[in-house]
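Please read the structure below before turning to the comments.
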Amino acid sequence: MQTAFTLLIFPGLGFIVLCAWLFDWLDRRIIARFQGRVGPPWYQPVADFIKLLAKEDILSTGINPALSTALPVLSLASVLTVSLYIPVARTAPVSFEGDLIVVLFLLSIPALAYFLAGWISGGVYGILGANRSLLQYFSYEVPFLMALSGPAILGNSWRIAQIAQQQVGTTWNLALQPLGFILAVVGLIGKLKRDPLDIPKAKSEVVGGSLTEYSGRKLALWHLAMDMQTVLGIFLLINLFLGGTSASPLWGGLGFVLKALGIVLLLSTASVLYARLRIDQLANLGWRVLAPLALMQLAATIWMGG
Amino acid sequence: MGLRSFLYLLPEAWRTWLKRPSTVRYPFGPLELPPGFRGRVVIEPDNCRGCSLCVRDCPADALELQRVSRDEFRLIFHPERCAYCGQCELSCNFGAITLSNDFVRATTDRDTLTEILVDRKPEPESEA
Amino acid sequence: MKSDKMIIPIGPQHPLLKEPIAFTLTVEGERVMEAGMRMGYVHRGIERLAQERSYVQTIHLVERVCGICSHVHATTYCQGVEALLGLEIPPRAQYLRALLCELERIHSHLLWLGVLGKNLGLDTIFMYAWRDREIVLDIMEDLSGGRVSHAINVIGGVRSDVDEAHCDEILRQLDLLTEPLARLVGLVEHERTLKARTQNVGHLSLEQIRRYCVVGPVARASGLDVDLRRDMPKAPYTDLSFKVITHTAGDVWARTLVRMQEAVESVRLCREILAQLPDGPISVKAKRRVPPGEVVSRAEAPRGELIYYIRSDGSEKPARLKIRTPTLTTLITLPEQLREVNMADVPAVLSGVDLCIACADR
């Protein structure tokens, strides 16, 4: 009974899905207010999801139907598995030594599924979007991984719950590794394919990118997987950099919520401020700026931590 | 200009948030129209002589005059063809046809839009 | 490695384009090797329709060639017909026509800046530019009764007047516009990501400009100093002083700068026009039958030089109306600009030339 509740309601499926919709609405509302607009009402992401579920599922000729259905399901499944390991205000259904590595591995699966989805779509926009998504993956993933290894080295453990625990009461890892946090945020923006790194699905260049040919229920699953990936990425950052959660349920929960809102605000602000980078500019940025900075941060951490 | 150029839009974005949104929430909020707005065509039937100057000058053939005699005619208006240019208002020498500030309502049946602006019948002969 | 050439269609429907036009890009990897173009999707046969309508009706027809520069089309047409009729329109009408022309220039450039921002992924510029454009649209609505279709021109002058209070209101609204416009200009000059996407992209040299007879801000951004308002001045531009903005870089960034600085200059021009507005009537009576003749009428539209050729045969309907819009000249340069660019630069290039396909296709 306890397990079913943890897996399906909190902090499992139900909670993550609700958070996904909530964060999507917050993101769109914040961006709208920055731009002088009103923004959508609170039920908009739910309405979009229901609408997509009701739409016709068009399958172009030449696309392998089994593969085209398997990819969003695989994305969703890997994201849901990640949710088992990331503590939400101290409750994580499963936690073991090394689960940070498992999480990072599982979080790359949606990116590869996204690439495959474009590759098999057969249309030019899909192939172009898929190529770009893979190139983008190679540009941000290395600094991202290095930045996320920093807290693990500081905390002397590869267990997310423990890294979070060790920050409670003492300094946040953000203060000890500010550069690492910035790199992790940039990497997260790249992973989530948000503005300004939404190159693979740049509407004005490749129409829809990998997902151009998707419609209906499968597209709903893709969007849900993307939104849930956002939520889990934010939770991961909170646990690794922003001090985890304190013991008391009230203050701990409140702190967690406020930190999540803070990172949502940060991501939305980044969306508002910048134009989309070109893919070669991103590759330049990733390998010439971000990777050396991440190396520097790692070196400093190792030297400081000892 | 170094750091500022990286965050150039931030002060403006912050300022925009603090103000009200610029959206006019019509129809849930008021929409102000200037006095010269070119909306729906309205007629002053008593002034209309049936001279068909407006019909001749309409670029969209939205006005139609069905004439039986000098005192019996019908001026029909097709709002779905109207371009809201106001040429009829300019051409009329008698001030009979003007453009108001109203919007034209939407409908699903095209025939319900057609308006008979003037339906002039001859005066019945009065008993001497 | 075997090179695979992909043919990517941009259009006729594409999120990048406001209006339908078809480009077929032959892409190898991320580089565009060749570009083909096909237009005519919005061809409505306006020149032919004009032959079926009277001169009065054609004013409204011609205004609907383009939604963005509608007033300039009507003005050029009316100027041509007035020349055929031998009419001299009152100075107040000339000033009011010029006022609306300059307002249209501001609104067109702001619209274009928003579209450029949106195509480059900076939605924020889109929202800000179009929010500030609302001020200009409100001014035009107060002046003429419509935000987009102004219908203020008649053959012989204009048809609605402004009084003292209205002039003050327009000046007040222009003051509201000055600061946001300055911020947008500063944004174009300094914002890093915008510069990174638009500099050294879509370069056109002066020699290419001359060869293709490009006009407008695209030509001025490559160094060609041509502006019809100064080179062939009609009243009231003979009494007004303004700068013609040119730049030498010739890339999309230079075009952006030229357009935004032109918008600032136009605000100044509007103020000057309102300050110097002469008294008098706003129109003269014009005959319905135009004596036979032919005339070439030119004006500076927001996108460049607009040419109208009108031939009359003595009846109430024009015998021939020929429109040469400025977008046609910039469209021809596109296949050459699109050669050897990155796929990711295509939005910047296409947005940089400020396409108004409705104008080009008529």
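In the structure tokens, the first chain shown is A, the next is B, and so on; residue numbers restart at 1 for each chain, and ligands run from 1 in the order shown.
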Return as CSV the residues of chain C lying at most 6 Å from chain B, together with the closest atom-to-atom pair for each and the distance in Å to one decimal, counting only C-alpha atoms, with rows in chain order and ascending residue number.
residue,atom,partner,partner_atom,distance
C:Gln57,CA,B:Pro59,CA,4.6
C:Asp142,CA,B:Pro34,CA,5.6
C:Gly145,CA,B:Phe37,CA,4.0
C:Ala151,CA,B:Cys85,CA,5.8
C:His190,CA,B:Ser5,CA,5.8
C:Glu191,CA,B:Ser5,CA,5.2
C:Arg192,CA,B:Ser5,CA,5.8
Just write the chosen residues, N, CA, C and O atoms, as a PDB file, in the first residue's frame.
ATOM      1  N   GLN C  57     -12.985  53.979 -57.473  1.00  0.00           N
ATOM      2  CA  GLN C  57     -12.989  52.664 -56.846  1.00  0.00           C
ATOM      3  C   GLN C  57     -11.589  52.093 -56.754  1.00  0.00           C
ATOM      4  O   GLN C  57     -11.262  51.336 -55.844  1.00  0.00           O
ATOM      5  N   ASP C 142      -6.989  57.164 -35.049  1.00  0.00           N
ATOM      6  CA  ASP C 142      -7.613  58.456 -34.740  1.00  0.00           C
ATOM      7  C   ASP C 142      -7.661  59.352 -35.962  1.00  0.00           C
ATOM      8  O   ASP C 142      -8.613  60.082 -36.192  1.00  0.00           O
ATOM      9  N   GLY C 145      -9.583  56.513 -39.119  1.00  0.00           N
ATOM     10  CA  GLY C 145     -10.717  55.634 -38.921  1.00  0.00           C
ATOM     11  C   GLY C 145     -10.406  54.169 -39.079  1.00  0.00           C
ATOM     12  O   GLY C 145     -11.272  53.337 -38.909  1.00  0.00           O
ATOM     13  N   ALA C 151      -7.760  54.566 -46.006  1.00  0.00           N
ATOM     14  CA  ALA C 151      -8.784  55.156 -46.877  1.00  0.00           C
ATOM     15  C   ALA C 151      -8.908  56.645 -46.666  1.00  0.00           C
ATOM     16  O   ALA C 151      -9.990  57.197 -46.632  1.00  0.00           O
ATOM     17  N   HIS C 190      23.275  46.926 -29.176  1.00  0.00           N
ATOM     18  CA  HIS C 190      24.124  46.345 -28.148  1.00  0.00           C
ATOM     19  C   HIS C 190      23.872  44.896 -27.805  1.00  0.00           C
ATOM     20  O   HIS C 190      24.750  44.229 -27.294  1.00  0.00           O
ATOM     21  N   GLU C 191      22.666  44.407 -28.031  1.00  0.00           N
ATOM     22  CA  GLU C 191      22.354  43.078 -27.505  1.00  0.00           C
ATOM     23  C   GLU C 191      23.169  42.020 -28.216  1.00  0.00           C
ATOM     24  O   GLU C 191      23.193  41.942 -29.446  1.00  0.00           O
ATOM     25  N   ARG C 192      23.825  41.182 -27.437  1.00  0.00           N
ATOM     26  CA  ARG C 192      24.849  40.310 -27.991  1.00  0.00           C
ATOM     27  C   ARG C 192      24.312  39.200 -28.868  1.00  0.00           C
ATOM     28  O   ARG C 192      24.850  38.927 -29.929  1.00  0.00           O
TER      29      ARG C 192
END
Within 12 Å of chain C, which residues of chain A show up? Give each one with its shortest atom-to-atom distance in Å (one decimal) and the two atoms involved, counting only C-alpha atoms, rows by chain then rising residue number, as a Markdown table.
| residue | atom | partner | partner_atom | distance |
| --- | --- | --- | --- | --- |
| A:Ile31 | CA | C:Thr124 | CA | 8.6 |
| A:Ala32 | CA | C:Thr124 | CA | 9.1 |
| A:Arg33 | CA | C:Thr124 | CA | 10.5 |
| A:Phe34 | CA | C:Thr124 | CA | 8.0 |
| A:Gln35 | CA | C:Thr124 | CA | 5.7 |
| A:Gly36 | CA | C:Met127 | CA | 7.2 |
| A:Arg37 | CA | C:Met127 | CA | 8.1 |
| A:Val38 | CA | C:Met127 | CA | 11.8 |
| A:Gly122 | CA | C:Met6 | CA | 11.5 |
| A:Gly123 | CA | C:Ile8 | CA | 9.3 |
| A:Val124 | CA | C:Ile8 | CA | 6.2 |
| A:Tyr125 | CA | C:Ile8 | CA | 7.6 |
| A:Gly126 | CA | C:Ile8 | CA | 10.9 |
| A:Ile127 | CA | C:Met6 | CA | 9.6 |
| A:Leu128 | CA | C:Glu30 | CA | 8.4 |
| A:Gly129 | CA | C:Glu30 | CA | 10.9 |
| A:Asn131 | CA | C:Gly29 | CA | 8.9 |
| A:Arg132 | CA | C:Glu30 | CA | 9.2 |
| A:Leu135 | CA | C:Glu30 | CA | 11.5 |
| A:Arg194 | CA | C:Gly121 | CA | 10.5 |
| A:Asp195 | CA | C:Gly121 | CA | 7.3 |
| A:Pro196 | CA | C:Gly121 | CA | 7.1 |
| A:Leu197 | CA | C:Gly121 | CA | 9.4 |
| A:Asp198 | CA | C:Gly121 | CA | 8.5 |
| A:Ile199 | CA | C:Ala344 | CA | 8.8 |
| A:Pro200 | CA | C:Ala344 | CA | 10.5 |
| A:Lys201 | CA | C:Gly121 | CA | 10.8 |
| A:Ala202 | CA | C:Gly121 | CA | 7.5 |
| A:Lys203 | CA | C:Pro15 | CA | 6.2 |
| A:Ser204 | CA | C:Leu16 | CA | 4.5 |
| A:Glu205 | CA | C:Pro347 | CA | 6.5 |
| A:Val206 | CA | C:Pro15 | CA | 8.9 |
| A:Val207 | CA | C:Pro15 | CA | 6.4 |
| A:Gly208 | CA | C:Pro15 | CA | 9.5 |
| A:Ser268 | CA | C:Thr124 | CA | 11.8 |
| A:Thr269 | CA | C:Thr124 | CA | 10.7 |
| A:Ala270 | CA | C:Leu122 | CA | 10.8 |
| A:Ser271 | CA | C:Leu122 | CA | 8.3 |
| A:Val272 | CA | C:Thr124 | CA | 5.9 |
| A:Leu273 | CA | C:Thr124 | CA | 7.3 |
| A:Tyr274 | CA | C:Leu122 | CA | 6.0 |
| A:Ala275 | CA | C:Leu122 | CA | 4.3 |
| A:Arg276 | CA | C:Gly121 | CA | 4.7 |
| A:Leu277 | CA | C:Thr193 | CA | 7.2 |
| A:Arg278 | CA | C:Ala344 | CA | 5.9 |
| A:Ile279 | CA | C:Ala344 | CA | 7.3 |
| A:Asp280 | CA | C:Ala344 | CA | 9.0 |
| A:Gln281 | CA | C:Ala196 | CA | 8.6 |
| A:Leu282 | CA | C:Ala196 | CA | 11.4 |
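Note that atom CA of Ala66 of chain A and atom CA of Asp4 of chain C are 27.2 Å apart.
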Would you list the contacts of segment 58-64 of chain A as a ChimeraX atom specification, taking every protein, DNA or RNA residue within 10 Å and counting only C-alpha atoms, but skipping same-chain residues closer than 4 positions in sequence?
/A:68-70,117,119-123,213-218
I need the residues in chain B that are strand (DSSP E) according to DSSP; give them as a list in words.
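The residues of chain B classed as strand (DSSP E) are Val41, Val42, Ile43, Leu63, Glu64, Leu65, Gln66, Arg67, Phe73, Arg74, Leu75, Ile76, Phe77, Ile97, Thr98, Leu99, Glu115, Ile116, Leu117, Val118, Asp119 and Arg120 of chain B.
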Find the residues around segment 18-23 of chain A up to 9 Å (only C-alpha atoms counted), leave out those fewer than 5 positions away in its own chain, and share them as a list in words.
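Returned residues: Leu13, Arg28, Trp42, Tyr43, Gln44, Pro45, Val46, Leu224, Ala225, Met226, Asp227, Met228, Gln229, Thr230, Val231, Leu232, Leu261 and Val264 of chain A.
Omitting Ala184 of chain A and its sequence neighbours fewer than 2 positions away, and counting only C-alpha atoms, the residues within 8 Å are Pro143, Phe144, Ala147, Leu148, Gly180, Phe181, Ile182, Val186, Gly187, Leu188 and Leu237 of chain A.
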Spatial neighbours of Ile170 of chain C, max dist 9 Å, only C-alpha atoms, sep filter under 2 positions, as a PyMOL selection string
chain C and resi 139+142-143+165-168+172-175+271+274
List the spatial neighbours of Gly280 of chain C as a PyMOL selection string - criterion: any atom at most 12 Å away, only C-alpha atoms, same-chain residues fewer than 5 positions off excluded.
chain C and resi 89-96+157+161-163
Taking into account only C-alpha atoms, which residue in the set A:Gly255, A:Gln167, A:Leu266, A:Ala130 is nearest to chain B?
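Using only C-alpha atoms, the shortest distance to chain B belongs to A:Leu266.
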